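What follows is a set of notes on a single structure, which appears directly below.
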Amino acid sequence: MSLAFATLVYPSIRGAGTVSVSSDPVIAQTQWGPLTESDRDFVVKVRAAGLWEYPVGQIGLQKGTTEAVVTASRHLVDGHAALDVTCRRIAPLLNITLPNVASPQQQGFVFSLTADNGSQFDADFANILRMTHGSIFNTVAKIRSTTKNTLVRALADQANDTVLDHITVMEKTGLVNFDQTLLKQTSPPSLPASDLTPPPPSSMEVVVLTPPPNATSTPVDIDAIVGGGAGGGTGPGSAPPAG
């Protein structure tokens, strides 16, 4: 499956920090409400998260040595496949360019977990994923409370449920070291911005995260939103290029 989308000045994402409302410029007026830089970056962040957590979930299904780790892995695959459907659906409507590869930092997590085995894999898996989901959880809440864009708000609703679910299943493994995890979660990024930003796509072909056969997570019904013309935006018509 592939999607064509309009070219957009690619965002520079500095981790999962807070969103500043006062300095958050509107980059496009759409029929679903204004789109800000933070709105756009959030859609990219959700997509990038799936590009590394989905394969890590697949790895966990093979390497996990406890039922709790295997269950958490199943939730990763299921949840991010559904989020990916929503991201790929709203991105062309808002003229947002989606990455096809996770950030260097996120790819590093995948490489590290790929090299792990046994109980070390289980522990690293639970702590890395609990830390990253804890970090993005605050961003999801901030976007949900501040965005004026209906499509972004719908994605934030879905992301909120998914991230909370993933935090919960990581904690249920019994392997989370909260002192270390929360310290890393709340510490300022020590990596350069280039390591925290997914690279722009090199082609118009969009990587698809395929839902598992027994999927239980549900993407947002974007057709219902688009068909209803919700959002209180600028009126009918295609969304103008953002950026």
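Residue names in the structure tokens use chain letters A, B, ... in the order shown, residue numbers from 1 in each chain, and ligand numbers from 1 in the order shown.
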
Determine, for each residue of segment 104-203 of chain A having at least one atom at most 9 Å from an atom of segment 54-58 of chain A, the closest pair of atoms and their separation in Å to one decimal, counting only C-alpha atoms; order by chain and ascending number, as a Markdown table.
```
| residue | atom | partner | partner_atom | distance |
| --- | --- | --- | --- | --- |
| A:Phe109 | CA | A:Val56 | CA | 8.6 |
| A:Val110 | CA | A:Val56 | CA | 6.2 |
| A:Leu113 | CA | A:Val56 | CA | 7.5 |
| A:Thr114 | CA | A:Val56 | CA | 8.1 |
| A:Phe125 | CA | A:Val56 | CA | 8.3 |
```

What are the closest atom pairs, with distances in Å to one decimal, for each residue of segment 119-227 of chain A lying within 8 Å of segment 33-44 of chain A, using only C-alpha atoms, rows by chain and rising residue number, as a Markdown table?
```
| residue | atom | partner | partner_atom | distance |
| --- | --- | --- | --- | --- |
| A:Val140 | CA | A:Phe42 | CA | 7.9 |
| A:Ile143 | CA | A:Asp39 | CA | 6.9 |
| A:Thr147 | CA | A:Asp39 | CA | 6.8 |
| A:Lys148 | CA | A:Gly33 | CA | 5.7 |
| A:Asn149 | CA | A:Gly33 | CA | 4.3 |
| A:Thr150 | CA | A:Gly33 | CA | 6.4 |
| A:Val152 | CA | A:Asp39 | CA | 6.5 |
| A:Leu155 | CA | A:Val43 | CA | 7.8 |
```

Saved selection, atoms kept: all heavy atoms, as a CSV table (one decimal), in the first residue's frame:
```csv
chain,number,residue,atom,x,y,z
A,140,VAL,N,1.0,13.8,24.6
A,140,VAL,CA,-0.3,13.5,24.1
A,140,VAL,C,-1.4,14.4,24.9
A,140,VAL,O,-2.3,14.9,24.2
A,140,VAL,CB,-0.6,12.0,24.3
A,140,VAL,CG1,-2.1,11.7,23.9
A,140,VAL,CG2,0.3,11.1,23.5
A,143,ILE,N,-1.2,18.1,23.7
A,143,ILE,CA,-1.9,18.3,22.4
A,143,ILE,C,-3.4,18.1,22.5
A,143,ILE,O,-4.1,18.9,21.9
A,143,ILE,CB,-1.3,17.2,21.4
A,143,ILE,CG1,0.2,17.6,21.0
A,143,ILE,CG2,-2.1,17.2,20.1
A,143,ILE,CD1,0.4,18.8,20.2
A,147,THR,N,-5.0,21.5,21.0
A,147,THR,CA,-5.2,21.6,19.6
A,147,THR,C,-6.6,22.0,19.2
A,147,THR,O,-7.6,21.7,19.9
A,147,THR,CB,-5.0,20.2,18.9
A,147,THR,OG1,-5.1,20.3,17.5
A,147,THR,CG2,-5.9,19.1,19.4
A,148,LYS,N,-6.7,22.8,18.1
A,148,LYS,CA,-8.0,23.2,17.6
A,148,LYS,C,-8.4,22.5,16.4
A,148,LYS,O,-9.4,22.8,15.7
A,148,LYS,CB,-8.0,24.7,17.3
A,148,LYS,CG,-7.7,25.6,18.5
A,148,LYS,CD,-7.6,27.1,18.1
A,148,LYS,CE,-7.3,28.0,19.3
A,148,LYS,NZ,-7.3,29.4,19.0
A,149,ASN,N,-7.6,21.5,16.0
A,149,ASN,CA,-7.8,20.7,14.8
A,149,ASN,C,-8.5,19.4,15.1
A,149,ASN,O,-8.0,18.6,16.0
A,149,ASN,CB,-6.5,20.4,14.1
A,149,ASN,CG,-6.6,19.8,12.7
A,149,ASN,OD1,-6.9,18.6,12.6
A,149,ASN,ND2,-6.5,20.6,11.7
A,150,THR,N,-9.6,19.1,14.5
A,150,THR,CA,-10.5,18.0,14.8
A,150,THR,C,-9.7,16.7,14.5
A,150,THR,O,-9.8,15.7,15.3
A,150,THR,CB,-11.8,18.0,14.0
A,150,THR,OG1,-12.5,19.2,14.3
A,150,THR,CG2,-12.7,16.8,14.4
A,152,VAL,N,-6.4,16.1,14.4
A,152,VAL,CA,-5.3,15.9,15.4
A,152,VAL,C,-5.9,15.5,16.7
A,152,VAL,O,-5.4,14.7,17.5
A,152,VAL,CB,-4.5,17.2,15.5
A,152,VAL,CG1,-3.4,17.0,16.6
A,152,VAL,CG2,-3.8,17.5,14.1
A,155,LEU,N,-6.7,11.8,16.7
A,155,LEU,CA,-5.5,11.0,16.9
A,155,LEU,C,-5.0,11.1,18.3
A,155,LEU,O,-4.6,10.0,18.8
A,155,LEU,CB,-4.4,11.6,15.9
A,155,LEU,CG,-3.1,10.9,16.0
A,155,LEU,CD1,-3.2,9.4,15.7
A,155,LEU,CD2,-2.0,11.6,15.1
```

Discussion item. Could you check the closest approach to Lys63 of chain A for each of A:Asp124, A:Asp78, A:Asp116, A:Asp24 and tell me which residue wins, using only C-alpha atoms?
Written reply: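 Distance minimum relative to Lys63 of chain A lands on A:Asp116.
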
Worksheet item: How would you write, as a list in words, the set of residues in segment 31-60 of chain A that DSSP gives as strand (DSSP E or B)?
Response: Gly33, Pro34, Leu35 and Thr36 of chain A

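Take the candidates A:Val77, A:Val70, A:Ala141, A:Leu51 and check each one against Asp157 of chain A using only C-alpha atoms; the shortest distance goes to A:Ala141.
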
Worksheet entry | Atom-to-atom span, atom CA of Met131 of chain A and atom CA of Leu61 of chain A, Å |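 Taking atom CA of Met131 of chain A and atom CA of Leu61 of chain A, their separation equals 19.9 Å.
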
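With only C-alpha atoms as the atoms that count, the minimum distance from Phe111 of chain A to the choices A:Glu53, A:Asp84, A:Asp179, A:Asp223 is reached by A:Glu53.
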
Worksheet item: So, counting only C-alpha atoms, which residue among A:Thr168, A:Asn95, A:Thr181, A:Ser194 is closest to Ala68 of chain A?
Response: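 Among A:Thr168, A:Asn95, A:Thr181, A:Ser194, it is A:Thr168 that comes nearest to Ala68 of chain A.
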
Discussion item. Quick check, in Å to one decimal: how far apart do atom CA of Gly60 of chain A and atom CA of Lys45 of chain A lie?
Written reply: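 Separation between atom CA of Gly60 of chain A and atom CA of Lys45 of chain A: 22.0 Å.
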
Worksheet entry | Residue nearest Gly174 of chain A - candidates A:Pro99, A:Arg130, A:Leu93, A:His75, atoms counted: only C-alpha atoms | A:Arg130

Practice prompt. Can you pull out every residue within 8 Å of Gly50 of chain A, counting only C-alpha atoms, but drop anything in the same chain fewer than 5 positions away, and send it as a PyMOL selection string?
Written response: chain A and resi 80-81+83-84+209

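You can rank A:Asn127, A:Ser135, A:Gln29, A:Thr71 by their closest distance to Thr186 of chain A using only C-alpha atoms, and at the top of that list sits A:Ser135.
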
Practice prompt. Using DSSP on the backbone coordinates, identify the residues of segment 47-180 of chain A assigned to alpha helix (DSSP H); present them as an NGL selection string.
Written response: :A and (47-63 or 67-94 or 104-115 or 118-146 or 150-171 or 178-180)

Just to be explicit: take each residue in the selection above, keep C-alpha atoms, and write the result as a compact mmCIF listing (two decimals), in the first residue's frame.
```txt
# COMPACT_ATOMS: atom_id res chain seq x y z
CA ARG A 47 4.07 7.71 13.22
CA ALA A 48 7.76 7.53 14.22
CA ALA A 49 6.88 5.75 17.48
CA GLY A 50 5.15 3.02 15.53
CA LEU A 51 8.09 2.62 13.17
CA TRP A 52 10.25 1.29 16.01
CA GLU A 53 7.80 0.01 18.62
CA TYR A 54 5.91 -2.16 16.13
CA PRO A 55 9.06 -4.13 15.13
CA VAL A 56 10.16 -4.27 18.78
CA GLY A 57 6.80 -5.82 19.56
CA GLN A 58 7.42 -8.42 16.87
CA ILE A 59 10.84 -9.13 18.37
CA GLY A 60 9.27 -9.47 21.82
CA LEU A 61 6.84 -12.07 20.55
CA GLN A 62 9.85 -14.19 19.62
CA LYS A 63 12.29 -13.35 22.43
CA GLU A 67 3.93 -14.42 29.41
CA ALA A 68 3.73 -10.80 30.60
CA VAL A 69 6.46 -9.70 28.16
CA VAL A 70 4.82 -11.59 25.30
CA THR A 71 1.48 -9.98 26.17
CA ALA A 72 3.08 -6.53 26.22
CA SER A 73 4.65 -7.26 22.84
CA ARG A 74 1.27 -8.20 21.44
CA HIS A 75 -0.17 -4.91 22.66
CA LEU A 76 2.65 -2.97 20.96
CA VAL A 77 2.00 -4.57 17.58
CA ASP A 78 -1.76 -4.24 17.86
CA GLY A 79 -1.85 -0.67 19.17
CA HIS A 80 0.69 0.83 16.81
CA ALA A 81 -0.80 -0.83 13.76
CA ALA A 82 -4.09 0.92 14.55
CA LEU A 83 -2.40 4.26 15.23
CA ASP A 84 -0.52 3.90 11.96
CA VAL A 85 -3.79 3.55 10.05
CA THR A 86 -5.03 6.81 11.56
CA CYS A 87 -1.75 8.64 10.90
CA ARG A 88 -1.65 7.54 7.28
CA ARG A 89 -5.29 8.53 6.85
CA ILE A 90 -5.04 12.07 8.23
CA ALA A 91 -1.57 12.95 6.92
CA PRO A 92 -2.61 13.59 3.29
CA LEU A 93 -5.70 15.47 4.46
CA LEU A 94 -3.49 17.85 6.42
CA PRO A 104 18.41 7.44 15.06
CA GLN A 105 17.73 7.25 18.81
CA GLN A 106 14.70 5.04 18.23
CA GLN A 107 16.59 2.84 15.80
CA GLY A 108 19.24 2.49 18.51
CA PHE A 109 16.60 1.07 20.85
CA VAL A 110 15.71 -1.52 18.21
CA PHE A 111 19.36 -2.49 17.67
CA SER A 112 19.93 -2.81 21.41
CA LEU A 113 16.90 -5.03 21.95
CA THR A 114 17.74 -7.10 18.88
CA ALA A 115 21.10 -7.91 20.47
CA GLY A 118 16.80 -14.02 27.79
CA SER A 119 16.06 -12.13 30.99
CA GLN A 120 18.21 -9.19 29.84
CA PHE A 121 15.90 -8.71 26.87
CA ASP A 122 12.84 -8.82 29.12
CA ALA A 123 14.25 -6.20 31.51
CA ASP A 124 15.53 -3.84 28.80
CA PHE A 125 12.31 -4.22 26.84
CA ALA A 126 10.11 -3.29 29.81
CA ASN A 127 12.25 -0.36 30.96
CA ILE A 128 12.94 1.19 27.55
CA LEU A 129 9.28 1.01 26.54
CA ARG A 130 8.03 2.27 29.90
CA MET A 131 10.42 5.23 29.68
CA THR A 132 9.50 6.20 26.12
CA HIS A 133 5.76 5.83 26.66
CA GLY A 134 5.96 7.81 29.88
CA SER A 135 7.73 10.60 28.00
CA ILE A 136 5.20 10.82 25.16
CA PHE A 137 2.20 10.54 27.51
CA ASN A 138 2.60 14.16 28.65
CA THR A 139 2.87 15.33 25.05
CA VAL A 140 -0.33 13.50 24.11
CA ALA A 141 -2.18 15.21 26.97
CA LYS A 142 -0.87 18.64 26.01
CA ILE A 143 -1.85 18.26 22.37
CA ARG A 144 -5.28 16.91 23.32
CA SER A 145 -5.94 19.91 25.56
CA THR A 146 -4.66 22.60 23.18
CA THR A 150 -10.46 17.96 14.83
CA LEU A 151 -8.31 15.36 13.07
CA VAL A 152 -5.35 15.90 15.39
CA ARG A 153 -7.67 15.78 18.38
CA ALA A 154 -9.05 12.42 17.24
CA LEU A 155 -5.52 11.04 16.86
CA ALA A 156 -4.64 12.34 20.34
CA ASP A 157 -7.67 10.55 21.80
CA GLN A 158 -6.56 7.28 20.24
CA ALA A 159 -2.93 7.83 21.22
CA ASN A 160 -3.91 8.58 24.81
CA ASP A 161 -5.72 5.25 25.14
CA THR A 162 -2.93 3.35 23.40
CA VAL A 163 -0.04 4.88 25.32
CA LEU A 164 -1.78 4.37 28.66
CA ASP A 165 -2.43 0.75 27.74
CA HIS A 166 1.23 0.24 26.82
CA ILE A 167 2.43 1.89 30.04
CA THR A 168 0.16 -0.46 31.97
CA VAL A 169 1.29 -3.68 30.28
CA MET A 170 4.95 -2.71 30.74
CA GLU A 171 4.35 -2.20 34.44
CA PHE A 178 10.91 3.08 38.41
CA ASP A 179 13.80 5.05 39.91
CA GLN A 180 15.97 4.67 36.81
```
